[in-house]
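**Q** Let me give you the structure first, and then I'll get to my questions.
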Amino acid sequence: MTDATPPQTAPHPLLDPGACASPNPAGVRRIAVLTSGGDAPGMNAAIRAVVRTASHQGIEVVGVRRGFAGLHRGELGLLGPRDVANIIQRGGTTLLTARSRTWRTPEGRALGAKYLREWDVDGLVVIGGDGSFHGAHFLQEEHGIPVIGIPGTIDNDLYGTDYTIGYFTAVETALDAVDKLRDTGASHERIFVIEVMGRHAGHIAVDVAVAGGAEEVFIPEDGKPVSDVVQTVQESVAKGKRGSIIIVAEGYAGGAQAVGDAITAGTGLETRVTILGHIQRGGTPVASDRILASRLGEAAVFALMEGRRGEMVGTTCGQITHTPLHVTWERSKDVNRDLYRCAKTLSV
Ligand code: F6P
């Protein structure tokens with residue numbers, strides 16, 4: 001992508017010449033796309049899908065660098081289908097991302113809207129999480145620019161979609177680490193308390209607890225007191241277990257360190273606390289994230305062509321769905337309670 005001043009006439013040279021147009025009642029001719037907030041594996045696959053679907057439909061795409069921070073600074077440039085070659089397998093986001101304070105102000109959003117108008121953009125696709133969707137929603141409310149959101153966050157905490165892009169890869173990454181920690185934990189007969197990401201949500205924690213065979217899992221959605229871990233560990237020891245894996249979601253009060261401290265204080269046993277952190281946001285996206293990103297990128301372009309606005313595209317039971325942006329953060333998506341229970345059952 002090369003930054004440039006807005007071209008007024010000629011179509012991008014890389015637009016698909018054999019474009020196969022679907023109904024485009026909204027008359028969309030040029031759209032913009034950006035990634036925002038925490039990156040997630042699969043964002044590149046989503047960018048690629050947006051650009052290639054648009055190209056297939058004879059629509060130009062403007063890429064915005066550094067999310068909303070880049071938008072209010074005018075970091076825009078045309079993106080053609082060859083510009084997104086060889087990125088489907090790459091983690092991170094080639095468009096770069098940021099969390100912008102300026103975008104939270106009406107002045108910042110007005111600047112961004114000015115650039116989108118200068119570039120003659122008919123709609124904006126925002127790939128990100130709830131903070132990014134807030135920013136997109138206000139842009140549309142204040143400046144009338146149609147926006148469509150694509151859920152991209154490892155936390156899987158958006159209402160209106162069964163899964164978010166990046167979640168599957170993050171779970172695999174965390175699980176790989178848990179398996180490795182189990183090896184050393186079992187050898188030393190130690191208790192490992194492992195913190196996975198999830199600022200407000202325990203989706204990663206519950207999946208990893210079940211798949212990693214954990215003794216206990218702590219999530220922010222549950223009011224379970226940290227002292228519960230003492231009984232869990234005491235029971236494990238009584239059953240003859242020589243090591244334990246305890247999974248804690250980042251958003252659980254006090255995090256893994258509080259749980260580790262409670263174990264030591266309550267049982268006198270040695271613990272090791274491991275915070276997996278940002279490693280969970282990197283790496284090659286697994287197939288499920290690439291496929292989800294590809295479907296949702298296509299769906300986002302179709303949504304703008306149909307005249308949809310202010311919605312997130314998602315999948316529910318395998319079908320594409322559209323959810324008003326504000327609903328994605330106003331309603332909360334609960335963790336899978338069956339899995340949560342299963343984690344406990346299987347730790348017997
Ligand atoms: O993107 C979601 C997330 O990874 C959360 O799980 C985590 O709490 C947060 O982002 C970390 O954000 P930052 O990269 O700004 O530290």
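Just so we're on the same page: first chain in the structure tokens is A, next is B, and so on; residues restart at 1 for each chain, and ligands are numbered from 1 in the order they show up.
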Could you list, as a list in words, every residue within 6 Å of stretch 188-193 of chain A, counting only C-alpha atoms and ignoring same-chain residues fewer than 5 positions away?
**A** Arg242, Gly243, Ser244, Ile245, Ile246, Ile247, Thr271, Arg272 and Val273 of chain A
**Q** Name the residues of stretch 48-240 of chain A that come out as strand (DSSP E or B) in a backbone DSSP run; write them as a ChimeraX atom specification.
**A** /A:60-64,76-79,123-128,147-152,165,191-196,216-218
**Q** Between atom CA of A:Ala253 and atom CA of A:Asp222, what distance in Å does the model show, to one decimal?
**A** 10.2 Å
**Q** Would you list the contacts of A:Ala211 as a list in words, taking every protein, DNA or RNA residue within 10 Å and counting only C-alpha atoms, but skipping same-chain residues closer than 5 positions in sequence?
**A**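 Near neighbours after the sequence-gap exclusion: Val171, Glu172, Leu175, Val178, Asp179, Ala205, Val206 and Ala343 of chain A.
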**Q** List as number ranges by chain the protein and nucleic acid residues lying within 6 Å of ligand 1, with only C-alpha atoms and all ligand atoms counted.
**A** A: 38, 153-155, 197-199
**Q** One decimal, Å: what's the distance from atom CA of A:Thr284 over to atom CA of A:Gly91, could you say?
**A**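 For atom CA of A:Thr284 relative to atom CA of A:Gly91, the distance reads 5.0 Å.
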**Q** Env of A:Ala46: 7 Å cut, atoms = only C-alpha atoms, seq-sep filter 6 positions within chain, self excluded. Answer as a ChimeraX atom specification.
**A** /A:293-294,296-297
**Q** Any chance you could export the current selection's C-alpha atoms as a PDB file, in the first residue's frame?
**A**
```pdb
ATOM      1  CA  ALA A 293     -11.916 -14.178   8.590  1.00  0.00           C
ATOM      2  CA  SER A 294     -12.391 -14.992   4.915  1.00  0.00           C
ATOM      3  CA  LEU A 296     -16.608 -12.350   7.397  1.00  0.00           C
ATOM      4  CA  GLY A 297     -14.480 -10.198   5.097  1.00  0.00           C
TER       5      GLY A 297
END
```
**Q** Any idea what's packed within 6 Å of A:Gly63, counting only C-alpha atoms, ignoring anything in its chain fewer than 2 positions away? Could you give it as number ranges by chain?
**A** A: 32-33, 76-79
**Q** With all heavy atoms kept, could you save the residues just selected as a compact mmCIF listing (two decimals), in the first residue's frame?
**A**
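Resulting contents of selection.txt:
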```txt
# COMPACT_ATOMS: atom_id res chain seq x y z
N ALA A 32 -13.31 1.78 2.60
CA ALA A 32 -12.05 1.80 3.35
C ALA A 32 -12.07 0.66 4.36
O ALA A 32 -13.12 0.16 4.75
CB ALA A 32 -11.88 3.13 4.08
N VAL A 33 -10.87 0.22 4.74
CA VAL A 33 -10.76 -0.85 5.74
C VAL A 33 -9.63 -0.52 6.70
O VAL A 33 -8.60 0.04 6.30
CB VAL A 33 -10.53 -2.22 5.06
CG1 VAL A 33 -9.25 -2.26 4.23
CG2 VAL A 33 -10.52 -3.37 6.08
N LEU A 76 -3.89 7.06 4.61
CA LEU A 76 -4.73 6.26 3.73
C LEU A 76 -4.00 6.00 2.41
O LEU A 76 -3.19 6.81 1.97
CB LEU A 76 -6.06 6.97 3.42
CG LEU A 76 -7.08 7.09 4.56
CD1 LEU A 76 -6.71 8.14 5.57
CD2 LEU A 76 -8.47 7.39 4.01
N GLY A 77 -4.29 4.87 1.79
CA GLY A 77 -3.71 4.55 0.48
C GLY A 77 -4.49 3.43 -0.18
O GLY A 77 -5.11 2.60 0.51
N LEU A 78 -4.50 3.41 -1.51
CA LEU A 78 -5.26 2.38 -2.21
C LEU A 78 -4.65 0.99 -2.00
O LEU A 78 -3.43 0.84 -1.91
CB LEU A 78 -5.30 2.68 -3.71
CG LEU A 78 -6.26 3.80 -4.13
CD1 LEU A 78 -6.12 4.07 -5.63
CD2 LEU A 78 -7.71 3.43 -3.81
N LEU A 79 -5.52 0.01 -1.91
CA LEU A 79 -5.10 -1.39 -1.73
C LEU A 79 -5.74 -2.22 -2.84
O LEU A 79 -6.97 -2.23 -2.97
CB LEU A 79 -5.65 -1.93 -0.41
CG LEU A 79 -4.85 -1.88 0.87
CD1 LEU A 79 -5.63 -2.62 1.97
CD2 LEU A 79 -3.48 -2.50 0.69
```
**Q** Just list the residues in stretch 37-170 of chain A DSSP gives helix (DSSP H, G or I) on the backbone, as a PyMOL selection string.
**A** chain A and resi 43-56+67-71+81-84+102-104+106-118+130-143+167-170
**Q** Which is closest to A:Val335 among A:Asp120, A:Glu195, A:Asp261, A:Asp157, if we use only C-alpha atoms?
**A**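 Looking at the shortest contact to A:Val335, the residue is A:Asp157.
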**Q** Between A:Ala174, A:Ile219, A:Leu96, A:Ala265, which one has atoms that come closest to A:Gly128, using only C-alpha atoms?
**A** A:Leu96
**Q** Tell me, in Å to one decimal, how far atom CA of A:Gly112 is from atom CA of A:His200.
**A**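 So the answer is 29.0 Å.
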**Q** Could you produce a table of the residues of stretch 195-297 of chain A lying within 10 Å of stretch 327-334 of chain A, with the nearest pair of atoms per residue and their separation in Å rounded to one decimal, using only C-alpha atoms, ordered by chain and increasing residue number, as a tab-separated table?
**A**
```
residue	atom	partner	partner_atom	distance
A:Ala201	CA	A:Asp334	CA	8.3
A:Gly202	CA	A:Asp334	CA	8.7
A:His203	CA	A:Asp334	CA	8.3
A:Glu221	CA	A:Asp334	CA	7.6
```
**Q** Hey, can you spit out that residue selection with N, CA, C and O atoms as a PDB file, in the first residue's frame?
**A**
```pdb
ATOM      1  N   ALA A 201     -13.296 -11.378  30.063  1.00  0.00           N
ATOM      2  CA  ALA A 201     -13.995 -12.591  29.637  1.00  0.00           C
ATOM      3  C   ALA A 201     -13.147 -13.838  29.866  1.00  0.00           C
ATOM      4  O   ALA A 201     -11.932 -13.812  29.724  1.00  0.00           O
ATOM      5  N   GLY A 202     -13.846 -14.942  30.161  1.00  0.00           N
ATOM      6  CA  GLY A 202     -13.153 -16.183  30.454  1.00  0.00           C
ATOM      7  C   GLY A 202     -13.238 -17.229  29.351  1.00  0.00           C
ATOM      8  O   GLY A 202     -13.008 -18.417  29.607  1.00  0.00           O
ATOM      9  N   HIS A 203     -13.544 -16.810  28.118  1.00  0.00           N
ATOM     10  CA  HIS A 203     -13.705 -17.799  27.039  1.00  0.00           C
ATOM     11  C   HIS A 203     -12.419 -18.599  26.814  1.00  0.00           C
ATOM     12  O   HIS A 203     -12.453 -19.829  26.722  1.00  0.00           O
ATOM     13  N   GLU A 221     -16.379 -13.864  34.926  1.00  0.00           N
ATOM     14  CA  GLU A 221     -17.850 -13.942  34.881  1.00  0.00           C
ATOM     15  C   GLU A 221     -18.425 -14.587  36.135  1.00  0.00           C
ATOM     16  O   GLU A 221     -19.626 -14.511  36.378  1.00  0.00           O
TER      17      GLU A 221
END
```
**Q** Pick out the residues sitting within 8 Å of A:Ala170, and hand them over as a PyMOL selection string; count only C-alpha atoms, and ignore anything fewer than 5 positions along from it in its own chain.
**A** chain A and resi 41+154+204+280-282
**Q** Any chance you can output those residues with all heavy atoms as a PDB file, in the first residue's frame?
**A**
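Now in part_22.pdb:
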```
ATOM      1  N   PRO A  41      -4.677 -12.952  15.470  1.00  0.00           N
ATOM      2  CA  PRO A  41      -4.287 -13.765  14.316  1.00  0.00           C
ATOM      3  C   PRO A  41      -5.501 -14.020  13.412  1.00  0.00           C
ATOM      4  O   PRO A  41      -6.538 -14.482  13.886  1.00  0.00           O
ATOM      5  CB  PRO A  41      -3.793 -15.074  14.947  1.00  0.00           C
ATOM      6  CG  PRO A  41      -3.551 -14.762  16.388  1.00  0.00           C
ATOM      7  CD  PRO A  41      -4.472 -13.649  16.753  1.00  0.00           C
ATOM      8  N   ILE A 154      -8.906 -11.731  20.234  1.00  0.00           N
ATOM      9  CA  ILE A 154      -8.694 -13.079  20.763  1.00  0.00           C
ATOM     10  C   ILE A 154      -9.645 -13.390  21.912  1.00  0.00           C
ATOM     11  O   ILE A 154      -9.831 -14.539  22.261  1.00  0.00           O
ATOM     12  CB  ILE A 154      -7.229 -13.298  21.221  1.00  0.00           C
ATOM     13  CG1 ILE A 154      -6.874 -12.402  22.411  1.00  0.00           C
ATOM     14  CG2 ILE A 154      -6.264 -13.126  20.067  1.00  0.00           C
ATOM     15  CD1 ILE A 154      -5.619 -12.863  23.141  1.00  0.00           C
ATOM     16  N   ILE A 204     -11.292 -17.907  26.697  1.00  0.00           N
ATOM     17  CA  ILE A 204     -10.033 -18.618  26.466  1.00  0.00           C
ATOM     18  C   ILE A 204      -9.771 -19.540  27.657  1.00  0.00           C
ATOM     19  O   ILE A 204      -9.394 -20.709  27.497  1.00  0.00           O
ATOM     20  CB  ILE A 204      -8.858 -17.625  26.284  1.00  0.00           C
ATOM     21  CG1 ILE A 204      -9.052 -16.777  25.020  1.00  0.00           C
ATOM     22  CG2 ILE A 204      -7.524 -18.369  26.221  1.00  0.00           C
ATOM     23  CD1 ILE A 204      -7.974 -15.705  24.833  1.00  0.00           C
ATOM     24  N   GLN A 280      -0.046 -14.871  23.262  1.00  0.00           N
ATOM     25  CA  GLN A 280      -1.331 -15.402  22.776  1.00  0.00           C
ATOM     26  C   GLN A 280      -1.896 -14.595  21.611  1.00  0.00           C
ATOM     27  O   GLN A 280      -2.829 -15.025  20.945  1.00  0.00           O
ATOM     28  CB  GLN A 280      -2.363 -15.410  23.918  1.00  0.00           C
ATOM     29  CG  GLN A 280      -1.995 -16.341  25.038  1.00  0.00           C
ATOM     30  CD  GLN A 280      -2.703 -15.996  26.332  1.00  0.00           C
ATOM     31  OE1 GLN A 280      -3.724 -16.577  26.661  1.00  0.00           O
ATOM     32  NE2 GLN A 280      -2.178 -15.040  27.074  1.00  0.00           N
ATOM     33  N   ARG A 281      -1.383 -13.399  21.389  1.00  0.00           N
ATOM     34  CA  ARG A 281      -1.903 -12.581  20.281  1.00  0.00           C
ATOM     35  C   ARG A 281      -1.135 -12.816  18.982  1.00  0.00           C
ATOM     36  O   ARG A 281      -1.549 -12.324  17.926  1.00  0.00           O
ATOM     37  CB  ARG A 281      -1.836 -11.104  20.678  1.00  0.00           C
ATOM     38  CG  ARG A 281      -2.847 -10.706  21.750  1.00  0.00           C
ATOM     39  CD  ARG A 281      -3.714  -9.562  21.282  1.00  0.00           C
ATOM     40  NE  ARG A 281      -2.947  -8.375  21.055  1.00  0.00           N
ATOM     41  CZ  ARG A 281      -2.858  -7.347  21.909  1.00  0.00           C
ATOM     42  NH1 ARG A 281      -3.505  -7.378  23.037  1.00  0.00           N
ATOM     43  NH2 ARG A 281      -2.146  -6.295  21.611  1.00  0.00           N
ATOM     44  N   GLY A 282       0.020 -13.537  19.080  1.00  0.00           N
ATOM     45  CA  GLY A 282       0.836 -13.680  17.878  1.00  0.00           C
ATOM     46  C   GLY A 282       0.687 -15.030  17.225  1.00  0.00           C
ATOM     47  O   GLY A 282      -0.128 -15.850  17.631  1.00  0.00           O
TER      48      GLY A 282
END
```
**Q** Any idea what's packed within 8 Å of A:Phe133, counting only C-alpha atoms, ignoring anything in its chain fewer than 3 positions away? Could you give it as a list in words?
**A**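 Using only C-alpha atoms, the neighbours found are Val126, Gly128, Gly129, Asp130, Ala136, His137, Gly149, Leu325 and His326 of chain A.
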**Q** Dump as JSON lines the rows for residues of stretch 100-150 of chain A within 10 Å of stretch 25-28 of chain A: closest atom pair and distance in Å with one decimal, only C-alpha atoms counted, ordered by chain and rising residue number.
**A**
```
{"residue": "A:Val121", "atom": "CA", "partner": "A:Val28", "partner_atom": "CA", "distance": 8.5}
{"residue": "A:Asp122", "atom": "CA", "partner": "A:Val28", "partner_atom": "CA", "distance": 5.8}
{"residue": "A:Gly123", "atom": "CA", "partner": "A:Val28", "partner_atom": "CA", "distance": 7.6}
```
